[in-house]
Structures are given as C-alpha cells and as structure tokens.
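One file, upload38.tsv, carrying TSV, C-alpha atoms:
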```
chain	number	residue	atom	x	y	z
J	1	MET	CA	14.64	-19.89	-12.16
J	2	SER	CA	17.52	-20.59	-9.78
J	3	LEU	CA	15.66	-19.27	-6.76
J	4	VAL	CA	13.31	-22.23	-6.74
J	5	SER	CA	15.32	-24.95	-8.44
J	6	GLY	CA	15.41	-26.97	-5.20
J	7	GLU	CA	11.66	-27.45	-5.35
J	8	GLN	CA	11.33	-28.24	-9.06
J	9	ILE	CA	10.08	-31.66	-10.12
J	10	ASP	CA	11.09	-33.17	-13.49
J	11	GLY	CA	8.86	-31.69	-16.14
J	12	GLY	CA	8.59	-28.26	-14.51
J	13	LEU	CA	6.03	-29.00	-11.78
J	14	ARG	CA	6.71	-27.59	-8.35
J	15	ILE	CA	5.20	-28.35	-4.96
J	16	SER	CA	4.71	-25.09	-3.16
J	17	SER	CA	5.69	-24.66	0.48
J	18	ALA	CA	4.25	-21.14	0.63
J	19	SER	CA	2.05	-20.41	3.61
J	20	PRO	CA	-0.86	-17.92	3.68
J	21	ARG	CA	1.49	-15.65	5.61
J	22	ASP	CA	3.80	-15.50	2.56
J	23	TYR	CA	0.91	-14.40	0.35
J	24	PHE	CA	-0.09	-11.84	2.96
J	25	ALA	CA	3.50	-10.52	2.94
J	26	LEU	CA	3.13	-9.91	-0.82
J	27	LEU	CA	0.47	-7.31	0.03
J	28	LYS	CA	3.01	-5.16	1.93
J	29	PRO	CA	0.85	-5.04	5.09
J	30	ARG	CA	2.68	-2.07	6.64
J	31	VAL	CA	2.04	0.04	3.55
J	32	MET	CA	-1.55	-1.22	3.57
J	33	SER	CA	-2.04	0.01	7.14
J	34	LEU	CA	-1.01	3.51	6.06
J	35	VAL	CA	-3.34	3.28	3.04
J	36	VAL	CA	-6.23	2.24	5.30
J	37	LEU	CA	-5.60	5.19	7.63
J	38	THR	CA	-5.25	7.78	4.85
J	39	ALA	CA	-8.29	6.42	2.98
J	40	LEU	CA	-10.32	6.44	6.20
J	41	ALA	CA	-9.30	10.07	6.77
J	42	GLY	CA	-10.35	10.83	3.17
J	43	MET	CA	-13.79	9.37	3.92
J	44	MET	CA	-14.25	10.98	7.31
J	45	ILE	CA	-13.15	14.48	6.32
J	46	GLU	CA	-16.24	14.69	4.09
J	47	PRO	CA	-19.42	15.87	5.84
J	48	THR	CA	-21.42	13.12	4.15
J	49	HIS	CA	-23.38	10.31	5.76
J	50	VAL	CA	-21.91	6.95	4.82
J	51	ASN	CA	-23.58	3.59	5.19
J	52	PRO	CA	-21.12	1.88	7.57
J	53	VAL	CA	-21.23	-1.42	5.65
J	54	ALA	CA	-20.65	0.30	2.31
J	55	GLY	CA	-17.92	2.42	3.88
J	56	PHE	CA	-16.19	-0.64	5.34
J	57	ILE	CA	-16.33	-2.60	2.06
J	58	SER	CA	-15.06	0.44	0.13
J	59	LEU	CA	-12.17	0.76	2.57
J	60	LEU	CA	-11.45	-2.97	2.29
J	61	SER	CA	-11.45	-2.72	-1.52
J	62	ILE	CA	-9.01	0.20	-1.45
J	63	ALA	CA	-6.74	-1.68	0.99
J	64	VAL	CA	-6.81	-4.86	-1.13
J	65	GLY	CA	-6.17	-2.78	-4.27
J	66	ALA	CA	-3.12	-1.26	-2.58
J	67	GLY	CA	-2.01	-4.74	-1.52
J	68	ALA	CA	-2.46	-6.02	-5.08
J	69	SER	CA	-0.24	-3.28	-6.44
J	70	GLY	CA	2.33	-4.25	-3.77
J	71	ALA	CA	2.23	-7.87	-5.02
J	72	LEU	CA	2.70	-6.71	-8.63
J	73	ASN	CA	5.60	-4.53	-7.47
J	74	MET	CA	7.24	-7.52	-5.72
J	75	TRP	CA	6.71	-9.64	-8.83
J	76	TYR	CA	8.47	-7.16	-11.12
J	77	ASP	CA	11.17	-6.07	-8.66
J	78	ALA	CA	12.21	-9.55	-7.44
J	79	ASP	CA	15.66	-9.09	-9.03
J	80	ILE	CA	16.21	-5.82	-7.15
J	81	ASP	CA	14.78	-7.23	-3.90
J	82	ALA	CA	17.18	-10.20	-4.06
J	83	VAL	CA	20.30	-8.00	-3.82
J	84	MET	CA	19.09	-5.66	-1.07
J	85	SER	CA	19.34	-6.68	2.60
J	86	ARG	CA	16.03	-4.96	3.48
J	87	THR	CA	14.07	-6.94	0.88
J	88	SER	CA	16.04	-10.16	0.29
J	89	THR	CA	13.81	-12.15	2.66
J	90	ARG	CA	10.62	-11.25	0.77
J	91	PRO	CA	8.63	-14.27	-0.50
J	92	ILE	CA	9.85	-14.21	-4.13
J	93	PRO	CA	13.63	-13.65	-3.69
J	94	SER	CA	13.66	-16.17	-0.85
J	95	GLY	CA	12.02	-18.73	-3.17
J	96	ARG	CA	8.84	-19.35	-1.16
J	97	ILE	CA	6.60	-17.99	-3.92
J	98	LEU	CA	7.27	-18.14	-7.68
J	99	PRO	CA	7.13	-14.86	-9.66
J	100	GLY	CA	4.22	-16.16	-11.74
J	101	GLU	CA	2.23	-16.99	-8.62
J	102	ALA	CA	2.74	-13.44	-7.31
J	103	LEU	CA	1.71	-12.01	-10.70
J	104	GLY	CA	-1.50	-14.07	-10.75
J	105	PHE	CA	-2.23	-13.18	-7.13
J	106	GLY	CA	-1.72	-9.46	-7.83
J	107	LEU	CA	-3.83	-9.44	-10.99
J	108	VAL	CA	-6.73	-11.37	-9.42
J	109	LEU	CA	-6.79	-9.12	-6.36
J	110	SER	CA	-6.56	-6.01	-8.57
J	111	ALA	CA	-9.58	-7.10	-10.59
J	112	PHE	CA	-11.60	-8.11	-7.51
J	113	SER	CA	-10.83	-4.90	-5.59
J	114	VAL	CA	-11.72	-2.61	-8.52
J	115	LEU	CA	-14.92	-4.48	-9.39
J	116	THR	CA	-16.03	-4.68	-5.75
J	117	LEU	CA	-15.43	-0.96	-5.22
J	118	GLY	CA	-17.39	-0.20	-8.40
J	119	LEU	CA	-20.31	-2.36	-7.26
J	120	VAL	CA	-20.44	-1.06	-3.70
J	121	SER	CA	-19.81	2.63	-4.40
J	122	ASN	CA	-19.44	4.03	-7.91
J	123	TRP	CA	-17.33	3.61	-11.05
J	124	LEU	CA	-15.46	6.91	-10.60
J	125	ALA	CA	-13.93	5.52	-7.39
J	126	ALA	CA	-13.30	2.15	-9.07
J	127	GLY	CA	-11.63	3.90	-12.02
J	128	LEU	CA	-9.44	5.93	-9.66
J	129	LEU	CA	-8.45	2.73	-7.80
J	130	ALA	CA	-7.61	1.02	-11.10
J	131	PHE	CA	-5.54	4.08	-12.08
J	132	THR	CA	-3.74	3.97	-8.70
J	133	ILE	CA	-2.82	0.29	-9.19
J	134	PHE	CA	-1.74	0.96	-12.80
J	135	PHE	CA	0.30	4.00	-11.77
J	136	TYR	CA	2.12	2.12	-9.00
J	137	ALA	CA	2.67	-1.17	-10.83
J	138	VAL	CA	3.37	0.09	-14.35
J	139	ILE	CA	4.35	3.79	-14.29
J	140	TYR	CA	6.38	3.66	-11.06
J	141	THR	CA	7.61	0.05	-10.78
J	142	MET	CA	8.21	-0.83	-14.42
J	143	TRP	CA	9.24	2.57	-15.76
J	144	LEU	CA	10.20	5.35	-13.32
J	145	LYS	CA	11.99	3.30	-10.65
J	146	ARG	CA	14.79	2.09	-12.92
J	147	TRP	CA	14.94	5.24	-15.08
J	148	THR	CA	15.00	8.47	-13.09
J	149	PRO	CA	16.08	9.74	-9.64
J	150	GLN	CA	12.68	11.47	-9.55
J	151	ASN	CA	11.08	7.99	-9.38
J	152	ILE	CA	9.61	8.26	-5.90
J	153	VAL	CA	8.62	11.92	-6.38
J	154	ILE	CA	6.36	11.16	-9.36
J	155	GLY	CA	5.55	7.64	-8.15
J	156	GLY	CA	4.49	9.13	-4.82
J	157	ALA	CA	1.24	10.11	-6.52
J	158	ALA	CA	0.12	6.48	-6.31
J	159	GLY	CA	0.64	6.39	-2.56
J	160	ALA	CA	-1.12	9.74	-2.20
J	161	LEU	CA	-4.28	8.76	-4.07
J	162	PRO	CA	-6.12	6.59	-1.45
J	163	PRO	CA	-7.84	9.58	0.27
J	164	VAL	CA	-9.05	10.77	-3.17
J	165	VAL	CA	-10.35	7.29	-4.05
J	166	ALA	CA	-12.07	7.06	-0.66
J	167	CYS	CA	-13.64	10.50	-1.08
J	168	ALA	CA	-14.91	9.54	-4.55
J	169	ALA	CA	-16.30	6.29	-3.11
J	170	ILE	CA	-18.57	8.08	-0.66
J	171	THR	CA	-19.38	11.33	-2.48
J	172	GLY	CA	-19.14	10.36	-6.14
J	173	SER	CA	-16.76	13.25	-6.80
J	174	VAL	CA	-13.29	14.54	-5.92
J	175	SER	CA	-13.35	17.25	-3.27
J	176	LEU	CA	-10.86	19.97	-2.33
J	177	ALA	CA	-10.39	18.34	1.09
J	178	SER	CA	-9.27	15.05	-0.45
J	179	LEU	CA	-6.90	16.88	-2.81
J	180	VAL	CA	-5.31	18.62	0.18
J	181	LEU	CA	-4.75	15.20	1.81
J	182	PHE	CA	-3.31	14.00	-1.52
J	183	ALA	CA	-0.90	16.96	-1.55
J	184	ILE	CA	0.24	16.28	2.03
J	185	ILE	CA	1.16	12.65	1.26
J	186	PHE	CA	2.69	13.60	-2.11
J	187	VAL	CA	5.03	16.22	-0.55
J	188	TRP	CA	5.74	13.93	2.45
J	189	THR	CA	7.00	11.05	0.28
J	190	PRO	CA	10.41	12.45	-0.91
J	191	PRO	CA	11.87	13.34	2.53
J	192	HIS	CA	10.46	10.09	3.94
J	193	PHE	CA	11.84	7.83	1.22
J	194	TRP	CA	15.14	9.63	0.61
J	195	ALA	CA	15.94	9.39	4.34
J	196	LEU	CA	15.89	5.62	3.85
J	197	ALA	CA	17.64	5.84	0.48
J	198	ILE	CA	20.59	7.73	2.02
J	199	ALA	CA	21.00	5.01	4.65
J	200	LYS	CA	20.78	2.31	1.92
J	201	ALA	CA	22.50	4.24	-0.92
J	202	SER	CA	25.16	1.60	-1.60
J	203	GLU	CA	22.54	-1.16	-1.86
J	204	TYR	CA	20.43	0.83	-4.31
J	205	GLY	CA	23.58	1.53	-6.31
J	206	ARG	CA	24.47	-2.18	-6.40
J	207	ALA	CA	20.90	-3.01	-7.52
J	208	GLY	CA	21.15	-0.42	-10.32
J	209	VAL	CA	18.27	1.69	-9.06
J	210	PRO	CA	18.93	5.42	-9.70
J	211	MET	CA	17.76	6.72	-6.34
J	212	MET	CA	18.53	10.38	-5.68
J	213	PRO	CA	21.47	9.80	-3.22
J	214	ASN	CA	23.42	7.48	-5.53
J	215	ALA	CA	22.41	9.29	-8.76
J	216	LYS	CA	22.75	12.97	-7.76
J	217	GLY	CA	24.75	12.72	-4.55
J	218	GLU	CA	23.92	12.83	-0.87
J	219	LYS	CA	24.37	16.61	-0.53
J	220	ARG	CA	21.81	17.40	-3.24
J	221	THR	CA	19.40	14.84	-1.75
J	222	ARG	CA	19.64	16.36	1.72
J	223	LEU	CA	18.93	19.83	0.27
J	224	GLU	CA	15.88	18.58	-1.64
J	225	MET	CA	14.64	16.75	1.48
J	226	LEU	CA	14.81	20.06	3.33
J	227	ILE	CA	12.94	21.90	0.55
J	228	TYR	CA	10.14	19.30	0.52
J	229	THR	CA	9.90	19.43	4.33
J	230	ILE	CA	9.67	23.27	4.21
J	231	LEU	CA	6.69	22.79	1.87
J	232	LEU	CA	5.23	19.98	3.97
J	233	ALA	CA	5.18	21.72	7.38
J	234	PRO	CA	2.68	24.47	6.38
J	235	LEU	CA	0.77	22.14	4.03
J	236	GLY	CA	-0.01	19.86	6.97
J	237	VAL	CA	-1.91	22.73	8.62
J	238	VAL	CA	-4.04	23.56	5.55
J	239	PRO	CA	-6.97	21.23	6.45
J	240	ALA	CA	-7.48	23.29	9.63
J	241	LEU	CA	-7.12	26.61	7.76
J	242	LEU	CA	-9.78	25.52	5.24
J	243	GLY	CA	-12.10	24.45	8.05
J	244	GLN	CA	-11.87	20.77	7.13
J	245	ALA	CA	-10.23	19.90	10.46
J	246	SER	CA	-10.33	21.39	13.96
J	247	ILE	CA	-8.03	23.95	15.57
J	248	ALA	CA	-6.62	21.12	17.71
J	249	TYR	CA	-5.59	19.36	14.49
J	250	GLY	CA	-4.00	22.61	13.28
J	251	VAL	CA	-1.93	22.98	16.46
J	252	ILE	CA	-0.79	19.33	16.38
J	253	ALA	CA	0.04	19.56	12.66
J	254	ALA	CA	1.99	22.79	13.17
J	255	LEU	CA	4.04	21.46	16.10
J	256	SER	CA	4.74	18.06	14.57
J	257	GLY	CA	5.58	19.74	11.23
J	258	LEU	CA	8.08	22.05	12.97
J	259	PHE	CA	9.67	19.03	14.65
J	260	MET	CA	10.01	17.27	11.30
J	261	LEU	CA	11.49	20.47	9.82
J	262	ASN	CA	14.00	20.52	12.69
J	263	LEU	CA	15.05	16.95	11.84
J	264	ALA	CA	15.34	17.81	8.12
J	265	ILE	CA	17.57	20.80	9.00
J	266	LYS	CA	19.77	18.48	11.10
J	267	VAL	CA	20.05	16.09	8.13
J	268	TRP	CA	20.90	18.99	5.81
J	269	ARG	CA	23.55	20.39	8.17
J	270	ALA	CA	25.07	17.03	9.16
J	271	PRO	CA	28.86	17.49	9.20
J	272	ASP	CA	29.77	14.03	7.91
J	273	ALA	CA	28.25	10.93	6.33
J	274	GLN	CA	27.98	9.10	9.66
J	275	ALA	CA	25.99	11.94	11.27
J	276	ALA	CA	23.82	12.24	8.15
J	277	ASP	CA	23.12	8.51	8.26
J	278	ARG	CA	22.11	8.70	11.94
J	279	ASP	CA	19.89	11.77	11.41
J	280	CYS	CA	18.32	10.21	8.30
J	281	LYS	CA	17.26	7.15	10.31
J	282	LYS	CA	15.66	9.47	12.88
J	283	LEU	CA	13.89	11.44	10.14
J	284	PHE	CA	12.67	8.25	8.45
J	285	GLY	CA	11.16	6.91	11.68
J	286	TYR	CA	9.64	10.25	12.64
J	287	SER	CA	8.15	10.84	9.17
J	288	ILE	CA	6.03	7.69	9.56
J	289	LEU	CA	4.88	8.86	12.98
J	290	TYR	CA	4.11	12.33	11.55
J	291	LEU	CA	1.81	11.00	8.84
J	292	PHE	CA	0.09	8.60	11.25
J	293	LEU	CA	-0.40	11.50	13.66
J	294	LEU	CA	-1.93	13.89	11.10
J	295	PHE	CA	-4.34	11.39	9.58
J	296	GLY	CA	-4.97	9.71	12.95
J	297	VAL	CA	-6.14	13.02	14.43
J	298	ILE	CA	-8.50	13.59	11.48
J	299	VAL	CA	-9.98	10.11	11.98
J	300	ILE	CA	-10.27	10.42	15.77
J	301	GLU	CA	-11.86	13.87	15.82
J	302	ASN	CA	-14.37	12.95	13.12
J	303	THR	CA	-15.19	9.72	14.98
J	304	ILE	CA	-15.88	11.77	18.12
J	305	VAL	CA	-18.09	14.19	16.15
J	306	THR	CA	-20.03	11.27	14.60
J	307	VAL	CA	-20.53	9.54	17.96
J	308	LEU	CA	-21.75	12.78	19.56
J	309	ARG	CA	-24.14	13.41	16.63
J	310	VAL	CA	-25.55	9.86	16.89
J	311	MET	CA	-25.96	10.21	20.66
J	312	GLY	CA	-27.62	13.62	20.24
J	313	SER	CA	-30.17	12.46	17.66
I	1	MET	CA	6.60	-36.56	-21.46
I	2	ASN	CA	4.72	-39.57	-22.92
I	3	MET	CA	1.67	-41.35	-21.48
I	4	ASN	CA	3.72	-44.14	-19.92
I	5	THR	CA	5.75	-41.65	-17.94
I	6	VAL	CA	2.61	-39.92	-16.72
I	7	THR	CA	1.08	-43.27	-15.67
I	8	GLU	CA	4.22	-44.31	-13.87
I	9	GLN	CA	4.37	-41.01	-12.10
I	10	ASN	CA	0.71	-41.29	-11.07
I	11	ASN	CA	1.25	-44.82	-9.79
I	12	ASP	CA	4.28	-43.76	-7.82
I	13	GLY	CA	2.43	-40.72	-6.55
I	14	ILE	CA	4.10	-37.52	-5.47
I	15	LYS	CA	4.86	-37.73	-1.79
I	16	LEU	CA	4.54	-34.38	-0.07
I	17	THR	CA	6.95	-33.61	2.73
I	18	PRO	CA	5.22	-32.84	6.06
I	19	GLU	CA	6.12	-29.19	5.54
I	20	GLN	CA	4.53	-29.10	2.06
I	21	ALA	CA	1.41	-30.91	3.31
I	22	LYS	CA	1.07	-28.49	6.22
I	23	ALA	CA	1.54	-25.48	3.91
I	24	ARG	CA	-1.04	-26.84	1.44
I	25	ARG	CA	-3.59	-27.41	4.20
I	26	ALA	CA	-3.01	-23.86	5.53
I	27	ARG	CA	-3.42	-22.43	1.99
I	28	ASN	CA	-6.64	-24.39	1.47
I	29	ILE	CA	-8.08	-23.16	4.76
I	30	ALA	CA	-7.10	-19.55	3.93
I	31	LEU	CA	-8.66	-19.87	0.46
I	32	GLY	CA	-11.85	-21.32	1.94
I	33	LEU	CA	-12.10	-18.47	4.43
I	34	CYS	CA	-11.53	-15.93	1.63
I	35	ILE	CA	-14.32	-17.47	-0.49
I	36	ALA	CA	-16.67	-17.53	2.52
I	37	GLY	CA	-15.73	-13.91	3.25
I	38	LEU	CA	-16.46	-12.95	-0.36
I	39	CYS	CA	-19.92	-14.57	-0.14
I	40	VAL	CA	-20.72	-12.55	2.98
I	41	LEU	CA	-19.27	-9.43	1.38
I	42	PHE	CA	-21.33	-9.70	-1.82
I	43	PHE	CA	-24.45	-10.50	0.20
I	44	ALA	CA	-23.83	-7.33	2.22
I	45	VAL	CA	-23.22	-5.32	-0.98
I	46	THR	CA	-26.50	-6.60	-2.41
I	47	ILE	CA	-28.46	-5.61	0.69
I	48	VAL	CA	-26.77	-2.20	0.89
I	49	ARG	CA	-27.29	-1.42	-2.81
I	50	LEU	CA	-30.78	-2.84	-3.27
I	51	GLY	CA	-32.18	-2.53	0.24
I	52	GLY	CA	-33.42	-5.10	2.74
I	53	THR	CA	-36.70	-5.55	0.85
I	54	VAL	CA	-34.97	-6.99	-2.22
I	55	LEU	CA	-36.32	-10.45	-1.42
I	56	GLN	CA	-39.91	-9.28	-0.81
I	57	ARG	CA	-41.05	-9.10	-4.42
I	58	PRO	CA	-44.28	-10.48	-5.90
I	59	MET	CA	-43.68	-13.88	-7.47
```
Could you show the structure in this file as structure tokens?
Amino acid sequence: MSLVSGEQIDGGLRISSASPRDYFALLKPRVMSLVVLTALAGMMIEPTHVNPVAGFISLLSIAVGAGASGALNMWYDADIDAVMSRTSTRPIPSGRILPGEALGFGLVLSAFSVLTLGLVSNWLAAGLLAFTIFFYAVIYTMWLKRWTPQNIVIGGAAGALPPVVACAAITGSVSLASLVLFAIIFVWTPPHFWALAIAKASEYGRAGVPMMPNAKGEKRTRLEMLIYTILLAPLGVVPALLGQASIAYGVIAALSGLFMLNLAIKVWRAPDAQAADRDCKKLFGYSILYLFLLFGVIVIENTIVTVLRVMGS
Amino acid sequence: MNMNTVTEQNNDGIKLTPEQAKARRARNIALGLCIAGLCVLFFAVTIVRLGGTVLQRPM
C-alpha cells in the first residue's frame, strides 16, 4: 500500500513507528466518552443495586467494545478518511498504522470486550454488545454508509444502544427506561450528523459517500433536520414524564430542547448557503452539549440519590 | 527469499531508527500495562462473581 511504502523493508516486513497514542486514536476516544456517559446513564436510571466493581468493569467493556467498533470502522473506511480534511490525519491514512494492524486490534478488542461483559454480567448484555459492534462495523460501515443517504439514520441505532446494553448488564433485561434513552440518541443523531455533513458536503461528495446533503440536497436535509429536532425536543423530556428522572431534569431537558429547536429553525430558514453553514456549525456544537447535558443530569442526580441513600443507611 | 539471504539479513541486523526504537519501547510498556490491567480485572471479576470466600474451600 502506498501509504506506508516508505517504511517497507524488502520482503514485505515493516518496522512500525506507531505509538500507543495512535492505537488509542483508533478507538475514537471522543465517541467513547459519549458512550461511557450514555451507558452510565443507562445503568443509573435503573433502581437496581449494582456491585460497583461489576458496574465499572461492565462500563469498561462497553467502552472498549465501542472503541473496537471505531477501530474496525477506521480500518474499512481508510480510503474515505484519506480524502477528507477532518479525517486525513487519522492513524491509517497518515501511514502510522497499517490497515491489517487496525483490523487485528479491532477484532481482538471486540472479542475481549464481549467475553468480559458476558463473564462479569450476563450473556444478554454481551450479545447486545456484540450486536452493537456488528451493526456499526458491518451494517453501517461496510453497507449503509456507501449505499444510502439514510446511512446515519439507520446506523444511528448502533450509537444509541449503549444505554440498553448497560441496562441489560445490571438487570439482565431490557427496560422501558433504557429504550427511551435509546430513542433520544437515535432521534438526536440525524440533526447532529447532518449539521456536520452540510458543512463538509463537498468532501463527502468527493469521497463518494452519499450523505443526505450531497445526495438529496441541502434544502431537503435542513427540513429533515428540523423534523427530527421537533421529535427530539419532547422526547428528551419523556424520562421525567415517566418518572425515571426528576422534575429538574424535565425542566432542563425542555429548555435545552427548545434551544436546540431554535437553532434547527435557524438552519432551516437560513437565507443562503453561507448562513446555513454558520448555523449548522452552531447546531453541531450545541447538539453535543445537549446530549451531554441530558445524560449528565441523569448521572448526577442519580449519584446524589445514591450518596444520600448510603449516608442514610 | 532463500536461507542465505535470511542469514545475511540476520547478520547485518535491522537497525531501528531512534524514533522506531522509542515507539517500540512505548508500545511494549503499554502492552505490559494492558496485560497487568487484565490480570487485575479478571481477578476482580472472579471475586465479584464467586465471592471473597472462593479461596476458602476444603482441600
């Protein structure tokens, strides 16, 4: 492969210059941090006592599983990553790690994370984690991404599953609360990702990826982003309405959801491409904050409840 | 590649650049820490799943 020809030795051997940091980058650490938070919320929203060690190892397994699917994604998508400015410095397109090394790394971590979760919790959770990795690496990365503009809508299911996996890990079943959290992330994904896709539409087009803006047009994308945000704003409040989160959570979710809706309306009504681009960048940044806020509040308020219960007993 | 070539290559040795040597050392340390971490992790899993009395069994 031309990317690494400078480090090839006669006979096909290659001396690697990859650092541990490069391998860590394969795990997509920023995505992992969101997975950890959403999975933690999925655990804490359940009124079940969890052994802290088992809970921590389950969470670690889910995070490593998510990282493994990120490595498999980078292995398969190295050709796309190489032609996009946002991803061209990733370890494989920059030549620091060979595709085969990333594949091996991803497969080993996938196996270890699934088996560890099965041993520490139960095989339903391990099966769900294996399905999540399979869905992201095979269904989304290998199939949907290069085939349909609905790629990130359907593929978003993989990113939405961590709370369900975490719930299964501590309860042995899938609860309504975890499915609500799944739905929030699932509906959040299109406006979040398409905001970035509009800003990077030409790059996706050059890479041959049929993202919604370059496949169906920017106008249609902005309308669909608005529709998904209209669904998302009330959905974010549902955990409070079902009694799975506090009234304080409900108020924060309602206000932050309205703010996100306001940004989506601005994107939809943007008079020209330049304004749309600017508003999309704002929406993209805020959407990350919105999800962190919702799941962060669930984690914080349940932590407070647990601490008070421990102190009271 | 025949045996002579392999022998010659082994005699010559492959000289790592300082950058490659540093990267290899860092990878080895990271791998060692991961293996140590896994040992601790599986010990913890064993205790959590089987209980602290797992070692107190009649011989």
Distance cut-off 8 Å, counting all atoms listed in the file - which residues of chain J neighbour chain I? Return them as a list in words.
Gly11, Ile15, Ser16, Ser17, Ala18, Ser19, Pro20, Asn51, Val53, Ala54, Ile57, Leu119 and Val120 of chain J
Do a neighbour search on region 236-240 of chain J at 8 Å with only C-alpha atoms, toss out local chain neighbours closer than 4 positions, and write the hits as number ranges by chain.
J: 177, 180-181, 184, 232, 244-247, 249-251, 253-254, 257, 294
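The spacing separating CA of Thr141 (chain J) from CA of Leu289 (chain J) amounts to 25.5 Å.
When CA of Pro190 (chain J) is paired with CA of Gly156 (chain J), their separation reads 7.8 Å.
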